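What follows is the content of final06.cif (mmCIF, C-alpha atoms and all ligand atoms).
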```
data_input
loop_
_atom_site.label_atom_id
_atom_site.label_comp_id
_atom_site.auth_asym_id
_atom_site.auth_seq_id
_atom_site.Cartn_x
_atom_site.Cartn_y
_atom_site.Cartn_z
CA MET A 193 23.63 13.73 26.93
CA LEU A 194 26.52 15.69 25.43
CA HIS A 195 27.37 15.22 21.82
CA ALA A 196 30.86 14.91 20.43
CA PRO A 197 32.68 18.22 19.95
CA LYS A 198 32.69 19.62 16.46
CA ARG A 199 35.24 21.57 14.50
CA ALA A 200 35.25 25.35 14.80
CA ARG A 201 32.38 26.99 12.96
CA THR A 202 30.51 30.21 12.81
CA ARG A 203 27.25 30.05 14.66
CA SER A 204 24.25 30.95 12.59
CA SER A 205 21.59 28.48 13.62
CA GLY A 206 18.75 28.86 16.07
CA ASN A 207 16.75 31.95 16.86
CA ALA A 208 19.61 33.95 18.37
CA ALA A 209 21.15 36.70 16.23
CA PRO A 210 24.30 35.47 14.52
CA CYS A 211 27.40 36.52 16.42
CA ALA A 212 30.50 37.88 14.70
CA CYS A 213 32.46 35.14 16.32
CA SER A 214 33.78 31.63 15.97
CA ILE A 215 32.66 28.64 17.96
CA VAL A 216 35.46 26.35 19.07
CA ASP A 217 34.67 22.99 20.61
CA SER A 218 37.32 21.40 22.80
CA PRO A 219 36.96 17.76 23.90
CA HIS A 220 36.74 16.86 27.57
CA PRO A 221 36.78 13.28 28.94
CA TYR A 222 34.00 13.75 31.52
CA ILE A 223 31.59 16.30 30.20
CA GLY A 224 32.10 15.46 26.53
CA GLY A 225 33.41 18.85 25.59
CA TRP A 226 33.54 22.55 26.25
CA ARG A 227 32.55 25.18 23.73
CA PHE A 228 34.20 28.59 23.34
CA GLU A 229 32.85 31.62 21.62
CA VAL A 230 35.78 33.66 20.30
CA SER A 231 35.35 37.22 19.08
CA ALA A 232 37.74 40.06 18.29
CA ILE A 233 36.66 43.41 19.71
CA ASP A 234 37.99 46.91 19.62
CA ILE A 235 37.87 49.05 22.71
CA PRO A 236 37.51 52.81 22.03
CA TYR A 237 40.56 55.01 22.79
CA ASN A 238 42.77 51.95 22.83
CA ASN A 239 44.57 50.91 19.70
CA TYR A 240 44.99 47.28 20.75
CA PRO A 241 42.35 44.77 19.69
CA PHE A 242 41.23 42.29 22.33
CA ALA A 243 40.18 38.72 21.91
CA LEU A 244 37.10 38.00 23.95
CA ILE A 245 36.79 34.32 24.78
CA ALA A 246 33.72 33.06 26.53
CA GLY A 247 33.08 29.46 27.52
CA ILE A 248 29.57 28.35 26.69
CA THR A 249 27.84 25.05 27.24
CA PRO A 250 27.78 22.78 24.22
CA ASN A 251 24.41 21.99 22.71
CA ILE A 252 22.66 19.08 24.38
CA SER A 253 20.89 16.57 22.14
CA PRO A 254 17.11 16.40 22.33
CA GLU A 255 15.50 13.49 24.20
CA VAL A 256 13.03 11.56 22.08
CA ALA A 257 9.95 9.74 23.42
CA THR A 258 7.82 7.91 20.88
CA GLY A 259 4.80 7.43 23.15
CA GLY A 260 4.57 3.84 21.89
CA PRO A 261 3.97 0.97 21.57
CA TYR A 262 0.82 1.63 19.58
CA SER A 263 -2.01 -0.63 18.48
CA GLY A 264 -5.26 -0.19 16.63
CA GLU A 265 -7.43 -1.15 13.72
CA VAL A 266 -7.17 -0.63 9.99
CA GLY A 267 -9.11 2.48 8.99
CA ALA A 268 -9.33 3.92 12.51
CA PRO A 269 -7.16 6.97 13.29
CA ILE A 270 -4.38 6.52 15.85
CA THR A 271 -2.90 9.39 17.84
CA LEU A 272 0.90 9.29 17.83
CA ASN A 273 1.98 11.28 20.87
CA ALA A 274 5.62 12.41 21.16
CA ASN A 275 4.73 14.94 23.85
CA GLU A 276 7.27 13.55 26.34
CA SER A 277 10.12 14.43 23.98
CA PHE A 278 12.12 17.47 25.08
CA ASP A 279 15.33 19.36 24.56
CA PRO A 280 17.18 20.05 27.84
CA ASP A 281 18.74 23.30 26.61
CA GLY A 282 16.35 24.48 23.95
CA ASN A 283 13.30 23.25 22.14
CA ILE A 284 12.32 20.70 19.54
CA VAL A 285 11.45 22.27 16.22
CA LEU A 286 10.68 19.21 14.08
CA PHE A 287 9.08 15.78 14.57
CA GLU A 288 9.52 13.27 11.74
CA TRP A 289 7.90 9.83 11.56
CA ASP A 290 8.92 6.86 9.43
CA LEU A 291 5.69 4.91 9.64
CA ASP A 292 6.84 1.74 7.86
CA ASN A 293 10.50 1.60 8.96
CA ASP A 294 11.85 1.79 5.40
CA GLY A 295 14.34 4.54 6.26
CA ILE A 296 12.26 7.28 4.63
CA TYR A 297 10.46 9.72 6.90
CA ASP A 298 6.87 9.84 5.73
CA ILE A 299 5.46 12.71 7.78
CA SER A 300 7.12 15.74 9.32
CA SER A 301 5.44 18.15 11.66
CA GLU A 302 6.21 20.94 14.08
CA SER A 303 3.63 19.41 16.40
CA SER A 304 4.45 16.57 18.78
CA ILE A 305 1.01 15.01 18.28
CA LEU A 306 -0.04 13.46 15.03
CA GLU A 307 -3.12 11.55 13.93
CA TYR A 308 -2.52 8.80 11.40
CA THR A 309 -4.72 6.11 9.85
CA TRP A 310 -3.23 2.90 8.52
CA GLY A 311 -5.03 1.64 5.39
CA GLU A 312 -3.86 -1.93 5.83
CA GLU A 313 -2.58 -4.27 8.50
CA TYR A 314 0.86 -3.41 9.83
CA ASN A 315 2.86 -5.15 12.51
CA GLY A 316 6.33 -3.69 12.91
CA LEU A 317 8.53 -0.79 13.83
CA ILE A 318 8.08 2.93 13.34
CA VAL A 319 10.80 5.54 13.85
CA LEU A 320 10.53 9.00 15.34
CA ARG A 321 13.27 11.58 14.73
CA VAL A 322 13.28 14.91 16.53
CA THR A 323 15.39 17.95 15.71
CA ASP A 324 16.27 20.64 18.24
CA ASN A 325 16.73 24.35 17.61
CA GLU A 326 20.48 23.81 17.08
CA GLY A 327 19.85 21.28 14.33
CA GLU A 328 20.80 18.29 16.49
CA THR A 329 18.71 15.14 15.97
CA SER A 330 17.82 12.10 18.06
CA ASN A 331 15.69 9.16 17.06
CA ALA A 332 13.96 6.16 18.62
CA THR A 333 11.79 3.28 17.47
CA THR A 334 8.63 1.72 18.81
CA THR A 335 6.24 -0.97 17.65
CA VAL A 336 2.85 -0.66 16.01
CA ALA A 337 0.26 -3.42 15.65
CA ILE A 338 -2.55 -2.56 13.27
CA GLY A 339 -5.08 -5.36 12.93
CA SER A 340 -8.32 -5.82 11.09
CA ALA A 341 -10.21 -7.87 13.69
CA GLY A 342 -12.61 -4.99 14.31
CA ILE A 343 -13.45 -4.59 10.64
CA ILE A 344 -16.76 -6.03 9.53
CA ILE A 345 -17.09 -6.80 5.83
CA GLU A 346 -20.51 -6.10 4.31
CA VAL A 347 -21.63 -9.09 2.24
CA GLU A 348 -24.61 -9.84 0.03
CA ILE A 349 -26.91 -12.63 1.18
CA ASP A 350 -30.05 -14.21 -0.26
CA ILE A 351 -32.50 -15.75 2.18
CA LYS A 352 -34.30 -18.62 0.42
CA PRO A 353 -32.22 -18.31 -2.75
CA GLY A 354 -34.29 -18.20 -5.92
CA SER A 355 -37.53 -17.16 -4.21
CA PHE A 356 -39.09 -13.85 -3.23
CA PRO A 357 -40.61 -12.67 -0.97
CA ASN A 358 -38.62 -14.55 1.64
CA SER A 359 -41.54 -15.97 3.58
CA ILE A 360 -40.69 -17.58 6.91
CA ASN A 361 -43.18 -19.52 9.00
CA LEU A 362 -41.89 -19.19 12.55
CA GLY A 363 -44.19 -21.98 13.69
CA SER A 364 -42.58 -24.57 11.44
CA ASP A 365 -39.80 -26.76 12.68
CA GLY A 366 -38.04 -26.70 9.31
CA LYS A 367 -34.93 -24.87 8.22
CA VAL A 368 -34.23 -21.74 6.20
CA PRO A 369 -31.56 -21.80 3.46
CA VAL A 370 -29.39 -18.65 3.12
CA ALA A 371 -26.84 -18.03 0.39
CA ILE A 372 -23.74 -15.96 1.13
CA ILE A 373 -22.60 -14.49 -2.17
CA SER A 374 -18.97 -14.27 -3.31
CA LYS A 375 -17.62 -11.01 -4.70
CA SER A 376 -14.27 -10.24 -6.32
CA ASP A 377 -12.98 -9.18 -2.89
CA PHE A 378 -14.90 -11.72 -0.79
CA ASP A 379 -14.60 -15.49 -1.16
CA ALA A 380 -17.72 -17.04 0.38
CA THR A 381 -16.14 -20.51 0.24
CA GLN A 382 -13.88 -19.30 3.09
CA VAL A 383 -16.91 -18.77 5.35
CA ASN A 384 -16.75 -20.88 8.51
CA PRO A 385 -20.37 -22.21 8.68
CA ILE A 386 -20.11 -22.92 12.42
CA SER A 387 -19.67 -19.17 13.03
CA VAL A 388 -22.70 -18.10 10.99
CA THR A 389 -25.92 -16.89 12.58
CA LEU A 390 -29.10 -15.56 10.93
CA ALA A 391 -31.22 -13.46 13.29
CA GLY A 392 -29.42 -15.17 16.17
CA ALA A 393 -30.07 -18.71 14.87
CA SER A 394 -27.06 -20.97 14.26
CA VAL A 395 -26.48 -23.20 11.28
CA LYS A 396 -28.18 -26.57 11.70
CA LEU A 397 -25.87 -29.49 12.37
CA LYS A 398 -26.02 -32.85 10.65
CA GLY A 399 -25.84 -36.14 12.51
CA LYS A 400 -22.08 -36.14 12.88
CA GLY A 401 -22.03 -32.53 14.11
CA THR A 402 -21.02 -31.04 10.77
CA PRO A 403 -22.89 -27.87 9.78
CA MET A 404 -25.34 -27.97 6.89
CA ALA A 405 -23.48 -26.01 4.23
CA SER A 406 -22.87 -26.54 0.53
CA PHE A 407 -21.21 -24.71 -2.34
CA GLU A 408 -23.21 -23.52 -5.33
CA ASP A 409 -22.92 -20.60 -7.74
CA ILE A 410 -26.45 -19.37 -7.20
CA ASN A 411 -26.16 -16.17 -9.27
CA ASN A 412 -24.18 -17.66 -12.17
CA ASP A 413 -21.28 -15.22 -11.99
CA ASN A 414 -18.68 -18.02 -11.95
CA LEU A 415 -17.87 -17.26 -8.31
CA MET A 416 -18.77 -20.12 -5.99
CA ASP A 417 -21.20 -19.15 -3.23
CA VAL A 418 -22.10 -20.99 -0.03
CA ILE A 419 -25.56 -21.99 1.17
CA VAL A 420 -26.14 -22.64 4.86
CA HIS A 421 -29.31 -23.83 6.59
CA VAL A 422 -30.49 -22.42 9.91
CA ASP A 423 -33.13 -23.79 12.30
CA THR A 424 -36.38 -21.91 11.78
CA SER A 425 -37.46 -22.49 15.39
CA THR A 426 -34.40 -20.66 16.79
CA LEU A 427 -34.76 -17.52 14.64
CA GLN A 428 -35.11 -14.50 16.89
CA LEU A 429 -37.72 -12.81 14.75
CA SER A 430 -41.22 -11.55 15.47
CA SER A 431 -44.18 -11.04 13.17
CA SER A 432 -43.32 -7.35 12.74
CA ASP A 433 -39.76 -7.93 11.50
CA ILE A 434 -39.08 -7.16 7.86
CA GLU A 435 -35.40 -8.03 7.66
CA ALA A 436 -32.93 -10.49 9.13
CA ILE A 437 -29.22 -9.95 9.75
CA LEU A 438 -26.61 -12.62 9.10
CA GLU A 439 -23.23 -12.51 10.85
CA GLY A 440 -20.18 -14.75 10.74
CA GLU A 441 -16.46 -15.15 10.27
CA THR A 442 -14.19 -16.60 7.64
CA TYR A 443 -11.78 -19.39 8.56
CA ASP A 444 -9.00 -16.79 8.93
CA GLY A 445 -11.06 -14.67 11.32
CA LYS A 446 -12.43 -11.90 9.07
CA ARG A 447 -15.88 -10.84 10.30
CA PHE A 448 -18.74 -10.19 7.89
CA ARG A 449 -22.37 -9.16 8.00
CA GLY A 450 -25.25 -9.08 5.54
CA LYS A 451 -29.00 -8.59 5.56
CA ASP A 452 -32.02 -9.52 3.50
CA SER A 453 -35.75 -8.92 3.70
CA VAL A 454 -38.11 -11.38 5.35
CA ARG A 455 -41.89 -11.79 5.39
CA ILE A 456 -43.09 -13.50 8.53
CA VAL A 457 -46.13 -15.72 7.99
CA LYS A 458 -48.16 -17.78 10.42
CA CA B 1 19.63 21.12 22.39
CA CA B 2 8.68 5.36 5.49
CA CA B 3 -34.61 -14.83 -1.65
CA CA B 4 -21.82 -16.68 -7.47
#
```
Show how you would write the structure in this file as structure tokens.
Amino acid sequence: MLHAPKRARTRSSGNAAPCACSIVDSPHPYIGGWRFEVSAIDIPYNNYPFALIAGITPNISPEVATGGPYSGEVGAPITLNANESFDPDGNIVLFEWDLDNDGIYDISSESSILEYTWGEEYNGLIVLRVTDNEGETSNATTTVAIGSAGIIIEVEIDIKPGSFPNSINLGSDGKVPVAIISKSDFDATQVNPISVTLAGASVKLKGKGTPMASFEDINNDNLMDVIVHVDTSTLQLSSSDIEAILEGETYDGKRFRGKDSVRIVK
């Protein structure tokens, strides 16, 4: 890809030593343009100066490859790989990433590979701009989908709220109440009771198939908590277990987990 010819200038970019010459770009309909390097030289024993004109190939823009689309999870590093980017007539000296597509490049690196961790969900475009050794840039966009489905929120639970130790008689055909406690960043009233299990046991269903769950602020912190009831007979616990793990999801799909101590009695 040839870029549009520029006005005459003195070359001083790149790694080559600056020449005492002028660069003249002349447009051409098919190849985009032709570049001339013009220098005045003196030949010894001859009093006439010569103009030395050499045609050189114009700089070719770098080709940019984002390596996308990308996807991942909040908090987990993602490798952005622009390795397929190249410059046909030189080399790429700078990789710049706009990681939220706001027009501001957030990270610049001489390396084509970058590790980045999103701290929150993001579903949108990112931009990669590469610069070649002549200062020419090219850019391209790709999409990134950063979700939080893999994140598991740690929550506080209280098996048999209000009593301790949390004695469980595996032989009984009763049910065990468990409170899931709200915190400033976790609203237990958004827990989907159908999704909750305690030690593998599901929440008991009432006659009409609705799960046994109720709201109550069991620790008096003015944040409403939820109490669910699981079938004792389906608990996957043995007499040597000293804790039980509760798992579940909120109505909007956020996963959570909590644990509490148990004392298994006959
Ligand atoms: Ca180039
Ligand atoms: Ca940005
Ligand atoms: Ca308890
Ligand atoms: Ca509470």
Task: Selection within 6 Å of ligand CA 2 (chain B) by all atoms listed in the file, output as a list in words - done: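 Protein and nucleic-acid residues within 6 Å of ligand CA 2 (chain B): Asp290, Leu291, Asp292, Asn293, Asp294, Gly295, Ile296, Tyr297 and Asp298 of chain A.
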Please tabulate, as a tab-separated table, the residues of chain A that come within 10 Å of ligand CA 3 (chain B), each with its closest pair of atoms and the distance in Å to one decimal, counting only C-alpha atoms and all ligand atoms and ordering rows by chain, then residue number upward.
```
residue	atom	partner	partner_atom	distance
A:Ile349	CA	B:CA3	CA	8.5
A:Asp350	CA	B:CA3	CA	4.8
A:Ile351	CA	B:CA3	CA	4.5
A:Lys352	CA	B:CA3	CA	4.3
A:Pro353	CA	B:CA3	CA	4.4
A:Gly354	CA	B:CA3	CA	5.4
A:Ser355	CA	B:CA3	CA	4.5
A:Phe356	CA	B:CA3	CA	4.9
A:Pro357	CA	B:CA3	CA	6.4
A:Asn358	CA	B:CA3	CA	5.2
A:Ser359	CA	B:CA3	CA	8.8
A:Pro369	CA	B:CA3	CA	9.2
A:Val370	CA	B:CA3	CA	8.0
A:Ala371	CA	B:CA3	CA	8.6
A:Asp452	CA	B:CA3	CA	7.8
A:Ser453	CA	B:CA3	CA	8.1
A:Val454	CA	B:CA3	CA	8.6
```
- [ ] Determine the nearest neighbour of Leu429 (chain A) from the options A:Asn361, A:Asn384, A:Thr323, A:Ser394, counting all atoms listed in the file.
- [x] A:Asn361
Task: Expected selection as a list in words for ligand CA 4 (chain B) within 7 Å, only C-alpha atoms and all ligand atoms - done: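 These are the residues that qualify: Ile373, Ser374, Asp409, Ile410, Asn411, Asn412, Asp413, Asn414, Leu415, Met416 and Asp417 of chain A.
CA of Leu438 (chain A) is found 16.5 Å from CA of Ile456 (chain A).
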